[in-house]
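K.L.:
Have a look at this one.
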Amino acid sequence: MSSPQSATRYIFVTGGVTSSLGKGIISASLAKLLQARGYSVTIQKLDPYINIDPGTLNPYEHGECYVTEDGAETDLDLGHYERFLNIPTSQANNVTTGRIYQSVIEKERRGDYLGETVQVIPHITDEIKYRIKLLGEDNRFDFVITEIGGTVGDIESLPYIEAIRQLRWELGKRSMVIHLTLVPYLSAAKELKTKPTQHSVKTMLEYGVQPDILVCRTEKPLNANIRNKIALFCNVDAGSVIESIDTNSIYKVPLLMQEEQLDLVVLRKIGMSTRKTPAMRSWRAFIKKLESPKKQVNIALIGKYVELVDAYKSIIESLIHAGTVNNCRVNLKLIHSEQIDQKNMAEQLKDVTGVIVAPGFGDRGIDGKIAAIKHVREHGIPFFGICLGMQCAMIEFARNVLQLPKSHSTEMQETTPDPIIDIMEEQKKVFVKGGTMRLGAYPCKLKKDTRAYALYGKEHISERHRHRYEFNNKYLEMFEQHGMTASGIHPDTGLVEIAELDNHPWFIGVQFHPEYSSTVAKPHPLFIGFVKAAMQCCS
Ligand code: GLN
């Protein structure tokens with residue numbers, strides 16, 4: 001729904017002083033407010049690293065890899081964009097320096113620049129500009145918000161800032177720059193300090209970019225003096241100094257930004273109508289429920305990256321959404337899969353009434369995951385296995401119920417006599433790592449009279465994937481005879497997408513990633529059902 005108010009507007013979001021100030025959440029919050037006023041908005045993240053995409057990055061480096069419907073392996077900020085806006089993103093919404101250079105070099109080899117010296121300016125900057133404008137093509141969106149990863153002043157983000165400078169010049173009033181900075185509080189001096197912000201804006205000015213709006217991350221409210229001081233030193237009006245105060249939930253940030261009138265300031269500066277007030281009623285209702293849960297539930301998430309919550313961002317957010325639907329606060333216990341075994345299992349899981357086994361790759365921590373699944377299967381504790389979590393559940397079932405003790409996945413043990421989980425046929429000829437898994441959304445058909453069918457309330461679903469291995473259908477009959485039902489199947493290949501235990505309060509494993517598609521407006525039915533089962537369990 002493109003507004004008749006003419007062409008797409010471009011908003012660039014840069015960050016200064018430090019990383020982790022929450023550019024992604026600020027971008028998503030602004031987008032939410034604009035969307036709530038009836039504008040169509042998309043958000044794009046440009047990442048200045050040289051990997052083609054984050055698919056090959058260790059979660060310790062960059063947190064979770066988020067997968068879009070069209071199968072792009074992307075930055076976790078895209079997860080926030082989708083969770084806030086409830087509209088899908090795509091490959092075009094995440095571009096890295098690696099991808100920019102790759103296409104420039106491909107063009108050079110093809111002879112597109114024949115005779116020219118290929119340089120950062122204009123060739124790399126042109127490619128960056130092209131990727132930004134691509135999203136605004138055909139005026140599909142009223143607003144394209146482009147978040148630049150990293151911090152201003154980094155060597156690697158220079159071409160991006162230069163591209164913004166050029167675009168500001170080309171697009172004029174149809175574009176603006178929001179710069180996010182830190183206003184630290186020095187407890188010894190009992191003062192908020194504006195100098196880092198001044199320096200950060202100075203760095204921007206050196207590159208020829210004057211920010212239009214400053215969003216200042218702070219622990220304490222910014223008083224008028226501070227706002228005026230920042231305005232004076234940074235060439236913006238005091239109304240364009242926006243406070244972004246620490247809060248206990250990312251979902252409150254859109255409301256805080258609305259109080260600070262970020263959306264109004266943006267619309268006025270960029271020449272778009274401010275007539276409609278944002279329709280934030282359902283968002284507020286969500287926050288209200290989030291803030292006043294009637295119950296609590298303890299759920300364990302077992303994985304090998306639990307020191308780093310960013311590695312499981314989408315699962316954690318999906319549980320928050322599902323908890324809110326159930327009027328319940330989900331207390332998450334993160335358990336390292338290398339630190340649990342049969343001996344300490346009962347102790348580790350004694351307070352929890354639901355267990356998720358996380359996705360993952362490789363065999364580190366596998367034994368702990370399998371032992372935990374045996375425990376919850378035998379004790380009737382609700383279980384939700386996601387991707388590798390589902391594969392582990394199948395291995396555990398084969399070993400302990402089907403009496404095939406040497407069962408394994410060929411990912412972990414190539415020579416296993418019972419390859420319950422095996423490499424997908426189409427993956428056998430794949431030798432290159434980046435972007436070659438089974439990625440993105442695929443259809444799945446649900447079997448009637450199953451828990452999965454009851455939860456989704458429909459027969460045909462579509463879910464996103466990221467894997468190379470699958471359940472080995474040679475064993476399916478045996479599994480089903482013993483009470484493990486394949487309740488979701490890929491309609492063309494017969495690949496088992498969902499497996500569930502018949503005689504258990506709630507035991508579901510999914511080969512796909514439901515966590516990528518849970519949003520505030522549309523929490524995922526499997527997470528809702530799982531949290532509900534955990535609330536009912538063991539009471
Ligand atoms: N390593 C498993 C596979 O490739 C599971 C992947 C995952 O959990 N995302 O099939």
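Labels for the structure tokens follow display order: chains A, B, ..., residues from 1 in each chain, ligands from 1.
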As a quick test: using only C-alpha atoms and all ligand atoms, which residues lie no more than 9 Å away from ligand 1? Give them as a VMD selection string.

P.N.:
chain A and resid 358 to 363 386 to 391 409 411 to 412 421 to 424 437 to 438 465 to 470 511 to 513

K.L.:
Distance table requested - stretch 266-317 of chain A against stretch 73-76 of chain A, cut-off 10 Å, only C-alpha atoms: one row per qualifying residue with the closest atom pair and its distance in Å to one decimal, ordered by chain and rising residue number, as CSV.

P.N.:
```
residue,atom,partner,partner_atom,distance
A:Asp310,CA,A:Leu76,CA,8.2
A:Ala311,CA,A:Leu76,CA,9.0
A:Tyr312,CA,A:Leu76,CA,9.7
A:Lys313,CA,A:Leu76,CA,7.6
A:Ser314,CA,A:Leu76,CA,8.2
```

K.L.:
Export C-alpha atoms of the chosen residues as a PDB file, in the first residue's frame?

P.N.:
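Okay, this is what ended up in selection-v2.pdb:
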```
ATOM      1  CA  ASP A 310      22.108 -13.661  21.165  1.00  0.00           C
ATOM      2  CA  ALA A 311      22.819 -17.137  19.787  1.00  0.00           C
ATOM      3  CA  TYR A 312      19.223 -18.133  20.557  1.00  0.00           C
ATOM      4  CA  LYS A 313      17.602 -14.729  20.078  1.00  0.00           C
ATOM      5  CA  SER A 314      14.598 -15.845  18.045  1.00  0.00           C
TER       6      SER A 314
END
```

K.L.:
Let's see if you can do this: from backbone DSSP, list all helix (DSSP H, G or I) residues in stretch 393-537 of chain A, as JSON, numbers by chain.

P.N.:
{"A": [393, 394, 395, 396, 397, 398, 399, 400, 425, 426, 427, 451, 452, 453, 454, 455, 456, 473, 474, 475, 476, 477, 478, 479, 480, 481, 514, 515, 516, 517, 525, 526, 527, 528, 529, 530, 531, 532, 533, 534, 535, 536]}

K.L.:
Write down as a ChimeraX atom specification the residues belonging to stretch 44-212 of chain A that are assigned strand (DSSP E or B) by DSSP computed on the backbone.

P.N.:
/A:44-47,66-67,73-74,94-96,143-148,175-182,185-186,191-192

K.L.:
Compare A:Trp506, A:Tyr305, A:Phe431, A:Tyr442 by their minimum atom-to-atom distance to A:His379, counting only C-alpha atoms, and give me the closest one.

P.N.:
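Checking each of A:Trp506, A:Tyr305, A:Phe431, A:Tyr442 against A:His379, counting only C-alpha atoms, the winner is A:Trp506.
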
K.L.:
Compare A:Val520, A:Cys444, A:Ile124, A:Leu21 by their minimum atom-to-atom distance to A:Ile287, counting only C-alpha atoms, and give me the closest one.

P.N.:
A:Val520

K.L.:
Near A:Ala300, counting only C-alpha atoms, which residues have an atom at most 6 Å away, once you skip same-chain residues fewer than 5 positions from it, shown as a list in words?

P.N.:
Leu332, Lys333, Leu334 and Val355 of chain A

K.L.:
Which residues of stretch 174-206 of chain A come within 10 Å of stretch 216-219 of chain A, and what is each one's closest atom pair and distance in Å (one decimal), counting only C-alpha atoms, sorted by chain and residue number, as a Markdown table?

P.N.:
```
| residue | atom | partner | partner_atom | distance |
| --- | --- | --- | --- | --- |
| A:His179 | CA | A:Cys216 | CA | 8.4 |
| A:Leu180 | CA | A:Cys216 | CA | 5.9 |
| A:Thr181 | CA | A:Cys216 | CA | 5.0 |
| A:Leu182 | CA | A:Arg217 | CA | 4.8 |
| A:Val183 | CA | A:Thr218 | CA | 5.3 |
| A:Pro184 | CA | A:Thr218 | CA | 6.2 |
| A:Tyr185 | CA | A:Glu219 | CA | 6.8 |
| A:Leu192 | CA | A:Thr218 | CA | 8.3 |
| A:Lys193 | CA | A:Thr218 | CA | 9.8 |
| A:Thr194 | CA | A:Cys216 | CA | 9.4 |
| A:Thr197 | CA | A:Cys216 | CA | 8.1 |
```

K.L.:
Go ahead and save the residues from that selection, with C-alpha atoms, as a tab-separated table (two decimals), in the first residue's frame.

P.N.:
```tsv
chain	number	residue	atom	x	y	z
A	179	HIS	CA	22.64	8.95	14.31
A	180	LEU	CA	22.52	6.83	17.45
A	181	THR	CA	25.05	7.70	20.14
A	182	LEU	CA	25.77	7.11	23.79
A	183	VAL	CA	25.38	9.71	26.52
A	184	PRO	CA	27.21	8.04	29.41
A	185	TYR	CA	26.50	8.75	33.06
A	192	LEU	CA	25.58	12.76	31.95
A	193	LYS	CA	28.37	13.48	29.48
A	194	THR	CA	27.78	14.79	25.97
A	197	THR	CA	28.25	12.36	21.17
```
